[in-house]
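Listing of query35.pdb; format and content: PDB, C-alpha atoms, pLDDT in the B column.
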ATOM      1  CA  MET W   1    -183.259 -18.645 123.704  1.00 48.00           C
ATOM      2  CA  THR W   2    -180.173 -17.911 121.662  1.00 50.00           C
ATOM      3  CA  PRO W   3    -180.400 -19.665 118.291  1.00 53.00           C
ATOM      4  CA  GLN W   4    -177.662 -22.244 117.725  1.00 52.00           C
ATOM      5  CA  PRO W   5    -175.261 -21.328 114.911  1.00 51.00           C
ATOM      6  CA  PRO W   6    -175.105 -23.741 111.992  1.00 52.00           C
ATOM      7  CA  ARG W   7    -172.333 -26.289 112.618  1.00 60.00           C
ATOM      8  CA  ARG W   8    -170.890 -26.070 109.153  1.00 68.00           C
ATOM      9  CA  ARG W   9    -167.774 -27.978 108.290  1.00 76.00           C
ATOM     10  CA  ARG W  10    -164.689 -25.962 109.093  1.00 85.00           C
ATOM     11  CA  LEU W  11    -162.006 -28.520 108.271  1.00 92.00           C
ATOM     12  CA  GLU W  12    -161.087 -30.545 105.208  1.00 94.00           C
ATOM     13  CA  VAL W  13    -159.546 -33.864 106.213  1.00 95.00           C
ATOM     14  CA  GLU W  14    -157.502 -36.116 103.956  1.00 95.00           C
ATOM     15  CA  ASP W  15    -155.472 -39.225 104.850  1.00 96.00           C
ATOM     16  CA  ILE W  16    -152.063 -39.542 103.210  1.00 96.00           C
ATOM     17  CA  GLY W  17    -150.758 -42.959 104.324  1.00 95.00           C
ATOM     18  CA  ASP W  18    -151.087 -42.997 108.106  1.00 95.00           C
ATOM     19  CA  ILE W  19    -150.919 -39.185 108.333  1.00 97.00           C
ATOM     20  CA  THR W  20    -154.108 -37.137 108.576  1.00 97.00           C
ATOM     21  CA  VAL W  21    -153.752 -33.840 106.725  1.00 97.00           C
ATOM     22  CA  VAL W  22    -156.177 -31.145 107.884  1.00 97.00           C
ATOM     23  CA  ASN W  23    -156.864 -27.946 105.928  1.00 96.00           C
ATOM     24  CA  PHE W  24    -158.729 -25.072 107.544  1.00 94.00           C
ATOM     25  CA  LEU W  25    -161.613 -23.809 105.417  1.00 91.00           C
ATOM     26  CA  ASP W  26    -161.775 -20.446 107.215  1.00 88.00           C
ATOM     27  CA  LYS W  27    -159.434 -17.598 106.326  1.00 90.00           C
ATOM     28  CA  LYS W  28    -159.924 -16.121 109.764  1.00 90.00           C
ATOM     29  CA  ILE W  29    -159.967 -18.390 112.787  1.00 88.00           C
ATOM     30  CA  LEU W  30    -161.967 -16.126 115.061  1.00 83.00           C
ATOM     31  CA  ASP W  31    -165.246 -16.130 116.959  1.00 77.00           C
ATOM     32  CA  ASP W  32    -165.781 -18.239 119.988  1.00 77.00           C
ATOM     33  CA  GLN W  33    -168.341 -20.495 118.370  1.00 78.00           C
ATOM     34  CA  ASN W  34    -166.188 -21.191 115.308  1.00 84.00           C
ATOM     35  CA  ILE W  35    -163.104 -21.839 117.415  1.00 89.00           C
ATOM     36  CA  GLN W  36    -165.117 -24.129 119.678  1.00 89.00           C
ATOM     37  CA  VAL W  37    -166.334 -26.124 116.655  1.00 90.00           C
ATOM     38  CA  ILE W  38    -162.819 -26.315 115.181  1.00 92.00           C
ATOM     39  CA  GLY W  39    -161.446 -27.470 118.547  1.00 93.00           C
ATOM     40  CA  GLU W  40    -164.118 -30.189 118.832  1.00 93.00           C
ATOM     41  CA  GLN W  41    -163.595 -31.369 115.243  1.00 93.00           C
ATOM     42  CA  LEU W  42    -159.820 -31.574 115.753  1.00 95.00           C
ATOM     43  CA  LEU W  43    -160.156 -33.494 119.024  1.00 95.00           C
ATOM     44  CA  SER W  44    -162.673 -35.894 117.487  1.00 94.00           C
ATOM     45  CA  LEU W  45    -160.018 -36.919 114.933  1.00 95.00           C
ATOM     46  CA  VAL W  46    -157.995 -38.314 117.840  1.00 96.00           C
ATOM     47  CA  GLU W  47    -160.700 -39.369 120.290  1.00 94.00           C
ATOM     48  CA  GLU W  48    -163.316 -40.798 117.935  1.00 92.00           C
ATOM     49  CA  LEU W  49    -161.424 -41.650 114.763  1.00 94.00           C
ATOM     50  CA  GLY W  50    -158.187 -42.758 116.436  1.00 95.00           C
ATOM     51  CA  ARG W  51    -155.912 -40.646 114.236  1.00 95.00           C
ATOM     52  CA  ASN W  52    -152.565 -39.989 115.912  1.00 95.00           C
ATOM     53  CA  LYS W  53    -150.419 -38.313 113.249  1.00 97.00           C
ATOM     54  CA  ILE W  54    -151.960 -34.988 112.334  1.00 97.00           C
ATOM     55  CA  LEU W  55    -150.582 -32.386 109.928  1.00 98.00           C
ATOM     56  CA  LEU W  56    -152.412 -29.047 110.137  1.00 97.00           C
ATOM     57  CA  ASN W  57    -152.084 -27.065 106.905  1.00 97.00           C
ATOM     58  CA  PHE W  58    -152.540 -23.313 107.460  1.00 97.00           C
ATOM     59  CA  ALA W  59    -152.312 -22.383 103.752  1.00 96.00           C
ATOM     60  CA  ASN W  60    -155.781 -20.748 103.764  1.00 94.00           C
ATOM     61  CA  VAL W  61    -155.393 -19.002 107.097  1.00 95.00           C
ATOM     62  CA  GLU W  62    -154.731 -15.267 107.096  1.00 94.00           C
ATOM     63  CA  PHE W  63    -155.649 -14.447 110.666  1.00 92.00           C
ATOM     64  CA  LEU W  64    -156.070 -16.159 114.010  1.00 93.00           C
ATOM     65  CA  SER W  65    -156.392 -15.055 117.611  1.00 92.00           C
ATOM     66  CA  SER W  66    -155.022 -16.352 120.898  1.00 93.00           C
ATOM     67  CA  ALA W  67    -158.242 -18.325 121.463  1.00 92.00           C
ATOM     68  CA  ALA W  68    -157.384 -20.468 118.408  1.00 93.00           C
ATOM     69  CA  LEU W  69    -153.870 -21.066 119.778  1.00 94.00           C
ATOM     70  CA  GLY W  70    -155.503 -22.526 122.883  1.00 93.00           C
ATOM     71  CA  LYS W  71    -157.257 -25.199 120.799  1.00 93.00           C
ATOM     72  CA  LEU W  72    -153.971 -26.145 119.110  1.00 95.00           C
ATOM     73  CA  ILE W  73    -152.358 -26.556 122.532  1.00 95.00           C
ATOM     74  CA  VAL W  74    -155.192 -28.826 123.688  1.00 94.00           C
ATOM     75  CA  LEU W  75    -154.878 -30.929 120.501  1.00 95.00           C
ATOM     76  CA  ASN W  76    -151.098 -31.171 120.922  1.00 96.00           C
ATOM     77  CA  ARG W  77    -151.536 -32.291 124.526  1.00 95.00           C
ATOM     78  CA  LYS W  78    -154.089 -34.923 123.513  1.00 95.00           C
ATOM     79  CA  LEU W  79    -151.781 -36.281 120.798  1.00 96.00           C
ATOM     80  CA  ASN W  80    -148.868 -36.417 123.246  1.00 95.00           C
ATOM     81  CA  GLU W  81    -151.063 -38.409 125.652  1.00 95.00           C
ATOM     82  CA  VAL W  82    -151.750 -41.079 123.028  1.00 96.00           C
ATOM     83  CA  GLY W  83    -148.168 -41.170 121.741  1.00 97.00           C
ATOM     84  CA  GLY W  84    -149.096 -39.321 118.558  1.00 97.00           C
ATOM     85  CA  LYS W  85    -147.636 -36.255 116.882  1.00 97.00           C
ATOM     86  CA  LEU W  86    -148.871 -32.884 115.649  1.00 98.00           C
ATOM     87  CA  VAL W  87    -147.117 -30.922 112.895  1.00 98.00           C
ATOM     88  CA  LEU W  88    -148.156 -27.506 111.546  1.00 98.00           C
ATOM     89  CA  CYS W  89    -147.239 -26.253 108.063  1.00 98.00           C
ATOM     90  CA  ASN W  90    -147.714 -23.453 105.515  1.00 97.00           C
ATOM     91  CA  ILE W  91    -147.938 -20.745 108.162  1.00 97.00           C
ATOM     92  CA  ASP W  92    -148.099 -17.202 106.789  1.00 95.00           C
ATOM     93  CA  ALA W  93    -145.288 -14.864 107.978  1.00 95.00           C
ATOM     94  CA  ASN W  94    -147.641 -12.632 110.009  1.00 94.00           C
ATOM     95  CA  ILE W  95    -149.104 -15.642 111.797  1.00 96.00           C
ATOM     96  CA  TYR W  96    -145.698 -17.240 112.344  1.00 96.00           C
ATOM     97  CA  GLU W  97    -144.745 -14.074 114.225  1.00 96.00           C
ATOM     98  CA  VAL W  98    -147.670 -14.749 116.606  1.00 96.00           C
ATOM     99  CA  PHE W  99    -146.188 -18.203 117.309  1.00 97.00           C
ATOM    100  CA  GLU W 100    -142.770 -16.593 117.934  1.00 97.00           C
ATOM    101  CA  ILE W 101    -144.077 -13.902 120.295  1.00 96.00           C
ATOM    102  CA  THR W 102    -145.940 -16.491 122.354  1.00 96.00           C
ATOM    103  CA  LYS W 103    -142.947 -18.893 122.117  1.00 96.00           C
ATOM    104  CA  LEU W 104    -145.341 -21.532 120.810  1.00 96.00           C
ATOM    105  CA  ASN W 105    -142.880 -22.134 117.967  1.00 96.00           C
ATOM    106  CA  LYS W 106    -140.938 -24.027 120.696  1.00 94.00           C
ATOM    107  CA  VAL W 107    -143.996 -26.114 121.620  1.00 94.00           C
ATOM    108  CA  PHE W 108    -145.167 -27.073 118.123  1.00 96.00           C
ATOM    109  CA  LYS W 109    -143.255 -28.749 115.336  1.00 97.00           C
ATOM    110  CA  ILE W 110    -143.620 -26.286 112.440  1.00 98.00           C
ATOM    111  CA  ALA W 111    -142.756 -27.309 108.871  1.00 98.00           C
ATOM    112  CA  LYS W 112    -142.351 -25.039 105.843  1.00 97.00           C
ATOM    113  CA  ASP W 113    -144.883 -26.712 103.553  1.00 97.00           C
ATOM    114  CA  GLU W 114    -147.010 -29.851 103.306  1.00 97.00           C
ATOM    115  CA  GLN W 115    -144.203 -31.909 101.765  1.00 97.00           C
ATOM    116  CA  ASP W 116    -141.838 -30.989 104.613  1.00 97.00           C
ATOM    117  CA  GLY W 117    -144.645 -31.598 107.073  1.00 97.00           C
ATOM    118  CA  LEU W 118    -145.244 -35.133 105.797  1.00 97.00           C
ATOM    119  CA  GLN W 119    -141.514 -35.852 106.232  1.00 97.00           C
ATOM    120  CA  ALA W 120    -141.581 -34.589 109.828  1.00 96.00           C
ATOM    121  CA  PHE W 121    -143.390 -37.655 111.246  1.00 95.00           C
TER     122      PHE W 121
ATOM    123  CA  MET G   1    -157.194  10.586 123.442  1.00 47.00           C
ATOM    124  CA  SER G   2    -158.592  14.085 123.154  1.00 44.00           C
ATOM    125  CA  SER G   3    -162.234  14.343 122.166  1.00 44.00           C
ATOM    126  CA  SER G   4    -161.293  17.366 120.055  1.00 45.00           C
ATOM    127  CA  GLN G   5    -159.136  15.121 117.851  1.00 57.00           C
ATOM    128  CA  PRO G   6    -160.524  14.934 114.326  1.00 62.00           C
ATOM    129  CA  ASN G   7    -162.263  11.753 113.186  1.00 77.00           C
ATOM    130  CA  THR G   8    -162.919  10.525 116.726  1.00 92.00           C
ATOM    131  CA  ARG G   9    -165.710   7.960 116.830  1.00 95.00           C
ATOM    132  CA  VAL G  10    -167.533   6.974 119.979  1.00 96.00           C
ATOM    133  CA  LEU G  11    -169.739   3.893 120.058  1.00 95.00           C
ATOM    134  CA  SER G  12    -171.273   1.424 122.472  1.00 96.00           C
ATOM    135  CA  PHE G  13    -172.600  -2.053 121.833  1.00 96.00           C
ATOM    136  CA  ALA G  14    -173.992  -5.043 123.701  1.00 95.00           C
ATOM    137  CA  SER G  15    -171.646  -7.831 124.876  1.00 94.00           C
ATOM    138  CA  ASP G  16    -171.864  -9.778 121.659  1.00 90.00           C
ATOM    139  CA  LEU G  17    -168.892 -10.877 119.553  1.00 88.00           C
ATOM    140  CA  ALA G  18    -170.884 -10.319 116.339  1.00 88.00           C
ATOM    141  CA  GLU G  19    -171.284  -6.644 117.303  1.00 90.00           C
ATOM    142  CA  ALA G  20    -167.533  -6.428 117.854  1.00 91.00           C
ATOM    143  CA  ARG G  21    -166.989  -7.632 114.270  1.00 90.00           C
ATOM    144  CA  HIS G  22    -168.778  -4.526 112.935  1.00 92.00           C
ATOM    145  CA  VAL G  23    -166.500  -2.260 114.965  1.00 94.00           C
ATOM    146  CA  GLN G  24    -163.416  -4.161 113.792  1.00 94.00           C
ATOM    147  CA  ALA G  25    -164.509  -3.924 110.150  1.00 94.00           C
ATOM    148  CA  GLU G  26    -165.156  -0.192 110.511  1.00 96.00           C
ATOM    149  CA  ILE G  27    -161.730   0.388 112.069  1.00 97.00           C
ATOM    150  CA  GLU G  28    -159.966  -1.752 109.461  1.00 96.00           C
ATOM    151  CA  ALA G  29    -161.590   0.307 106.688  1.00 96.00           C
ATOM    152  CA  ALA G  30    -160.535   3.552 108.412  1.00 96.00           C
ATOM    153  CA  LEU G  31    -156.923   2.333 108.734  1.00 96.00           C
ATOM    154  CA  THR G  32    -156.793   1.303 105.092  1.00 96.00           C
ATOM    155  CA  ALA G  33    -158.249   4.667 104.054  1.00 95.00           C
ATOM    156  CA  ALA G  34    -155.519   6.386 106.118  1.00 95.00           C
ATOM    157  CA  ALA G  35    -152.872   4.356 104.187  1.00 96.00           C
ATOM    158  CA  PHE G  36    -151.747   2.163 107.104  1.00 97.00           C
ATOM    159  CA  GLY G  37    -149.614  -0.692 105.755  1.00 96.00           C
ATOM    160  CA  GLU G  38    -150.571  -4.367 105.750  1.00 94.00           C
ATOM    161  CA  ARG G  39    -148.417  -5.192 108.803  1.00 95.00           C
ATOM    162  CA  ASP G  40    -149.834  -2.294 110.816  1.00 97.00           C
ATOM    163  CA  VAL G  41    -153.383  -3.323 109.910  1.00 96.00           C
ATOM    164  CA  PHE G  42    -152.651  -6.925 110.972  1.00 96.00           C
ATOM    165  CA  ALA G  43    -151.175  -5.635 114.268  1.00 96.00           C
ATOM    166  CA  VAL G  44    -154.173  -3.438 115.076  1.00 97.00           C
ATOM    167  CA  LYS G  45    -156.684  -6.134 114.058  1.00 95.00           C
ATOM    168  CA  LEU G  46    -155.057  -8.677 116.351  1.00 95.00           C
ATOM    169  CA  ALA G  47    -154.749  -6.286 119.322  1.00 97.00           C
ATOM    170  CA  LEU G  48    -158.381  -5.190 118.848  1.00 96.00           C
ATOM    171  CA  GLU G  49    -159.588  -8.786 118.643  1.00 94.00           C
ATOM    172  CA  GLU G  50    -157.842  -9.666 121.895  1.00 95.00           C
ATOM    173  CA  ALA G  51    -158.998  -6.498 123.703  1.00 96.00           C
ATOM    174  CA  LEU G  52    -162.625  -6.808 122.536  1.00 96.00           C
ATOM    175  CA  VAL G  53    -162.831 -10.514 123.415  1.00 93.00           C
ATOM    176  CA  ASN G  54    -161.369  -9.679 126.844  1.00 94.00           C
ATOM    177  CA  ALA G  55    -163.968  -6.924 127.361  1.00 96.00           C
ATOM    178  CA  ILE G  56    -166.935  -9.016 126.178  1.00 95.00           C
ATOM    179  CA  LYS G  57    -166.038 -12.397 127.699  1.00 92.00           C
ATOM    180  CA  HIS G  58    -163.803 -11.767 130.681  1.00 92.00           C
ATOM    181  CA  GLY G  59    -164.995  -8.241 131.549  1.00 96.00           C
ATOM    182  CA  ASN G  60    -168.720  -8.360 130.893  1.00 97.00           C
ATOM    183  CA  GLY G  61    -168.983 -12.149 131.133  1.00 95.00           C
ATOM    184  CA  LEU G  62    -171.067 -12.217 127.896  1.00 92.00           C
ATOM    185  CA  ASP G  63    -173.878 -10.479 129.830  1.00 95.00           C
ATOM    186  CA  PRO G  64    -176.122  -8.885 127.155  1.00 92.00           C
ATOM    187  CA  GLU G  65    -177.206  -6.250 129.698  1.00 95.00           C
ATOM    188  CA  LYS G  66    -173.645  -4.951 129.907  1.00 97.00           C
ATOM    189  CA  LYS G  67    -172.126  -2.825 127.182  1.00 97.00           C
ATOM    190  CA  VAL G  68    -168.714  -2.283 125.680  1.00 97.00           C
ATOM    191  CA  HIS G  69    -167.752   1.322 124.952  1.00 98.00           C
ATOM    192  CA  VAL G  70    -165.225   2.098 122.221  1.00 98.00           C
ATOM    193  CA  ARG G  71    -163.690   5.420 121.345  1.00 98.00           C
ATOM    194  CA  TYR G  72    -161.171   5.573 118.533  1.00 98.00           C
ATOM    195  CA  ALA G  73    -159.384   8.011 116.259  1.00 97.00           C
ATOM    196  CA  VAL G  74    -157.455   7.402 113.068  1.00 96.00           C
ATOM    197  CA  SER G  75    -155.130  10.016 111.608  1.00 95.00           C
ATOM    198  CA  THR G  76    -152.491   9.787 108.915  1.00 93.00           C
ATOM    199  CA  GLU G  77    -149.872   9.257 111.671  1.00 96.00           C
ATOM    200  CA  ARG G  78    -151.516   7.123 114.328  1.00 96.00           C
ATOM    201  CA  PHE G  79    -154.402   5.075 115.639  1.00 98.00           C
ATOM    202  CA  ASP G  80    -155.733   5.467 119.186  1.00 98.00           C
ATOM    203  CA  VAL G  81    -158.451   3.422 120.818  1.00 98.00           C
ATOM    204  CA  CYS G  82    -160.003   3.151 124.249  1.00 98.00           C
ATOM    205  CA  ILE G  83    -162.149   0.111 125.108  1.00 98.00           C
ATOM    206  CA  VAL G  84    -164.168   0.096 128.335  1.00 98.00           C
ATOM    207  CA  ASP G  85    -166.269  -2.726 129.761  1.00 98.00           C
ATOM    208  CA  GLU G  86    -168.770  -2.825 132.626  1.00 98.00           C
ATOM    209  CA  GLY G  87    -167.290  -5.837 134.424  1.00 97.00           C
ATOM    210  CA  PRO G  88    -165.562  -6.162 137.797  1.00 96.00           C
ATOM    211  CA  GLY G  89    -162.131  -5.210 136.412  1.00 95.00           C
ATOM    212  CA  PHE G  90    -158.853  -7.077 136.873  1.00 94.00           C
ATOM    213  CA  ASN G  91    -155.224  -6.460 137.715  1.00 94.00           C
ATOM    214  CA  PRO G  92    -153.121  -6.828 134.530  1.00 92.00           C
ATOM    215  CA  GLU G  93    -150.018  -7.249 136.718  1.00 90.00           C
ATOM    216  CA  GLU G  94    -151.467 -10.509 138.048  1.00 92.00           C
ATOM    217  CA  VAL G  95    -151.787 -12.143 134.622  1.00 91.00           C
ATOM    218  CA  PRO G  96    -149.070 -14.839 134.556  1.00 92.00           C
ATOM    219  CA  ASP G  97    -146.381 -14.597 131.884  1.00 94.00           C
ATOM    220  CA  PRO G  98    -147.611 -17.024 129.194  1.00 95.00           C
ATOM    221  CA  THR G  99    -144.076 -17.437 127.831  1.00 94.00           C
ATOM    222  CA  ALA G 100    -142.693 -18.771 131.145  1.00 94.00           C
ATOM    223  CA  PRO G 101    -141.818 -22.463 130.686  1.00 92.00           C
ATOM    224  CA  GLU G 102    -144.409 -23.569 133.275  1.00 93.00           C
ATOM    225  CA  ASN G 103    -147.164 -21.622 131.440  1.00 93.00           C
ATOM    226  CA  LEU G 104    -146.224 -22.367 127.822  1.00 91.00           C
ATOM    227  CA  GLU G 105    -148.808 -25.113 127.455  1.00 89.00           C
ATOM    228  CA  ARG G 106    -151.656 -23.324 129.200  1.00 90.00           C
ATOM    229  CA  PRO G 107    -154.467 -22.928 126.665  1.00 85.00           C
ATOM    230  CA  CYS G 108    -155.233 -19.272 127.538  1.00 86.00           C
ATOM    231  CA  GLY G 109    -153.698 -16.036 128.801  1.00 89.00           C
ATOM    232  CA  ARG G 110    -151.882 -14.782 125.671  1.00 94.00           C
ATOM    233  CA  GLY G 111    -154.122 -11.852 124.669  1.00 94.00           C
ATOM    234  CA  LEU G 112    -152.396  -9.220 126.773  1.00 95.00           C
ATOM    235  CA  LEU G 113    -148.956 -10.333 125.580  1.00 96.00           C
ATOM    236  CA  LEU G 114    -150.059  -9.956 121.947  1.00 96.00           C
ATOM    237  CA  MET G 115    -151.637  -6.528 122.572  1.00 97.00           C
ATOM    238  CA  ARG G 116    -148.425  -5.284 124.202  1.00 97.00           C
ATOM    239  CA  HIS G 117    -146.302  -6.657 121.389  1.00 97.00           C
ATOM    240  CA  TYR G 118    -148.333  -5.297 118.485  1.00 97.00           C
ATOM    241  CA  MET G 119    -149.244  -1.854 119.825  1.00 98.00           C
ATOM    242  CA  ASN G 120    -146.867   0.999 120.698  1.00 98.00           C
ATOM    243  CA  HIS G 121    -148.738   1.786 123.882  1.00 98.00           C
ATOM    244  CA  VAL G 122    -151.111  -0.258 126.066  1.00 98.00           C
ATOM    245  CA  GLU G 123    -152.361   1.111 129.362  1.00 97.00           C
ATOM    246  CA  TYR G 124    -155.093  -0.100 131.702  1.00 97.00           C
ATOM    247  CA  SER G 125    -157.098   2.190 133.966  1.00 97.00           C
ATOM    248  CA  ASP G 126    -160.350   2.169 135.966  1.00 97.00           C
ATOM    249  CA  ALA G 127    -159.232  -0.982 137.850  1.00 96.00           C
ATOM    250  CA  GLY G 128    -158.695  -2.885 134.582  1.00 96.00           C
ATOM    251  CA  ARG G 129    -162.057  -2.028 133.020  1.00 97.00           C
ATOM    252  CA  ALA G 130    -160.547   0.413 130.501  1.00 98.00           C
ATOM    253  CA  VAL G 131    -157.691  -0.178 128.093  1.00 98.00           C
ATOM    254  CA  GLN G 132    -156.092   2.542 126.013  1.00 98.00           C
ATOM    255  CA  MET G 133    -153.954   1.461 123.044  1.00 98.00           C
ATOM    256  CA  SER G 134    -152.039   3.345 120.365  1.00 98.00           C
ATOM    257  CA  LYS G 135    -150.304   2.397 117.149  1.00 98.00           C
ATOM    258  CA  ILE G 136    -147.927   4.753 115.368  1.00 98.00           C
ATOM    259  CA  LYS G 137    -147.984   4.283 111.598  1.00 96.00           C
ATOM    260  CA  LYS G 138    -144.737   2.905 110.190  1.00 89.00           C
TER     261      LYS G 138
END
Final structure tokens representation of the file:
Amino acid sequence: MTPQPPRRRRLEVEDIGDITVVNFLDKKILDDQNIQVIGEQLLSLVEELGRNKILLNFANVEFLSSAALGKLIVLNRKLNEVGGKLVLCNIDANIYEVFEITKLNKVFKIAKDEQDGLQAF
Amino acid sequence: MSSSQPNTRVLSFASDLAEARHVQAEIEAALTAAAFGERDVFAVKLALEEALVNAIKHGNGLDPEKKVHVRYAVSTERFDVCIVDEGPGFNPEEVPDPTAPENLERPCGRGLLLMRHYMNHVEYSDAGRAVQMSKIKK
């Protein structure tokens, strides 16, 4: 049997008013198992904790793959379903280019920094 | 990629994403040693990630009995890599355009687009089981 990887915390969550600010603890959002855990933890903010205004802060993130983008799309869809909103901020120039190439910069609301992000709700 | 090219490395590993990380780290170190810039290294890392995940997950279906074969060469001018899986293959022409409005919110299908954007050359052969990619140093 394949040993289960440790489900260590991958997100730091802080509430600022009614907005939930999420920081990624990983510099690289890679690996199926990690991305799966991140996706589940993000969805649980909406489904279990009832948060509906989420600001994802990418300040720590230096690298992500298309599999991670998929989880962001699923989270965005879930928030749209419940009348909530997702905003992304502090995206490094290299990673922003990934959003541009995939045209996901048209799907997501992207703010410059956390302050701008908080104003975007 | 000619096998007579200097610094050509040939390796094979089981369909395991952790194994792919070793190959990626080795290639990143070789690119840095050959003075590839930060943007080029980012481009190659992303294209490699997408191609290796495709080979391991979609090609070999995470089957530990199936291997991924990688051949790469780094020179002071360019990086060439060929990644081959042992899966059923696929037709890259049939992958829907992920930037089309009707596909924009699909959660997958962007790997090939990113590989084509970040590399100078991407070519599939052997019915989609082999992908050859090149990056010219800027």
Within 6 Å of chain W, which residues of chain G are there when counting all atoms listed in the file? Please give them as a ChimeraX atom specification. /G:99,107-108,110-111
Given the file shown, enumerate the residues that the PyMOL selection byres ((chain G and resi 120) around 8) captures and present them as an MDAnalysis selection string. chainID G and resid 116:119 121:122 133:136
Let's have the selection written as a CSV table (one decimal), in the frame of the given file, with C-alpha atoms.
chain,number,residue,atom,x,y,z
G,116,ARG,CA,-148.4,-5.3,124.2
G,117,HIS,CA,-146.3,-6.7,121.4
G,118,TYR,CA,-148.3,-5.3,118.5
G,119,MET,CA,-149.2,-1.9,119.8
G,121,HIS,CA,-148.7,1.8,123.9
G,122,VAL,CA,-151.1,-0.3,126.1
G,133,MET,CA,-154.0,1.5,123.0
G,134,SER,CA,-152.0,3.3,120.4
G,135,LYS,CA,-150.3,2.4,117.1
G,136,ILE,CA,-147.9,4.8,115.4
What does the distance between atom CA of W:Val37 and atom CA of G:Ser12 come to in Å, to one decimal place? 28.6 Å
The PyMOL selection byres ((chain G and resi 88) around 9) - which residues does that actually catch in the file I just gave you? List them as a list in words.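 Written out, the selection comes to Gly59, Asn60, Asp85, Glu86, Gly87, Gly89, Phe90, Ala127, Gly128 and Arg129 of chain G.
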Write the residues you've just listed into a file as a CSV table (one decimal), in the frame of the given file, and include C-alpha atoms for each of them.
chain,number,residue,atom,x,y,z
G,59,GLY,CA,-165.0,-8.2,131.5
G,60,ASN,CA,-168.7,-8.4,130.9
G,85,ASP,CA,-166.3,-2.7,129.8
G,86,GLU,CA,-168.8,-2.8,132.6
G,87,GLY,CA,-167.3,-5.8,134.4
G,89,GLY,CA,-162.1,-5.2,136.4
G,90,PHE,CA,-158.9,-7.1,136.9
G,127,ALA,CA,-159.2,-1.0,137.8
G,128,GLY,CA,-158.7,-2.9,134.6
G,129,ARG,CA,-162.1,-2.0,133.0
So what does the PyMOL selection byres ((chain W and resi 87) around 9) actually pick up in this one, as a list in words? Lys53, Ile54, Leu55, Leu56, Asn57, Asn76, Lys85, Leu86, Leu88, Cys89, Phe108, Lys109, Ile110, Ala111, Gly117, Leu118, Ala120 and Phe121 of chain W
Find the residues near W:Phe58: any atom within 7 Å, counting only C-alpha atoms, skip ones fewer than 3 places away on the same chain, and give them as a PyMOL selection string. chain W and resi 23-24+61+89-91
Atoms to include: C-alpha atoms. Write the selected residues as a PDB file, in the frame of the given file.
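And here is the file that came out, result18.pdb:
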ATOM      1  CA  ASN W  23    -156.864 -27.946 105.928  1.00 96.00           C
ATOM      2  CA  PHE W  24    -158.729 -25.072 107.544  1.00 94.00           C
ATOM      3  CA  VAL W  61    -155.393 -19.002 107.097  1.00 95.00           C
ATOM      4  CA  CYS W  89    -147.239 -26.253 108.063  1.00 98.00           C
ATOM      5  CA  ASN W  90    -147.714 -23.453 105.515  1.00 97.00           C
ATOM      6  CA  ILE W  91    -147.938 -20.745 108.162  1.00 97.00           C
TER       7      ILE W  91
END
Long-range neighbours of stretch 73-80 of chain G as a ChimeraX atom specification, 10 Å cut-off, all atoms listed in the file, 4 positions minimum in chain: /G:1-3,5-10,27,30-31,33-36,40,44,119-121,132-138
Between G:Leu11, G:Ala18, G:His58, G:Glu105, which has the minimum distance to G:Val81 (counting all atoms listed in the file)?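 For G:Val81, the nearest of the candidates is G:Leu11.
You will find atom CA of G:Lys66 at 6.1 Å from atom CA of G:Ser15.
Here atom CA of G:Pro92 and atom CA of G:Glu65 stand 24.6 Å from one another.
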Just checking: using only C-alpha atoms, which residue out of W:Asn105, W:Arg51, W:Glu97, W:Ala59 ends up closest to W:Ile16?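 Of W:Asn105, W:Arg51, W:Glu97, W:Ala59, the one nearest W:Ile16 is W:Arg51, counting only C-alpha atoms.
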For a quick check of understanding, using only C-alpha atoms, which of W:Leu43, W:Asn34, W:Gly84, W:Leu79 has the smallest distance to W:Asp18?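 Among the listed residues, W:Gly84 lies closest to W:Asp18.
Using only C-alpha atoms, the shortest contact distance between W:Arg9 and any of W:Val22, W:Glu100, W:Ala93, W:Ile38 is found at W:Ile38.
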Output, as AutoDock Vina command-line options, the centre and edge lengths in Å (one decimal) of the axis-aligned box that contains all listed atoms of stretch 95-103 of chain W with 4 Å of margin on each side.
--center_x -145.9 --center_y -16.4 --center_z 117.1 --size_x 14.3 --size_y 13.0 --size_z 18.6
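Distance check against W:Ile29 using only C-alpha atoms: of W:Asn60, W:Asp92, W:Gln41, W:Glu12, the minimum falls on W:Asn60.
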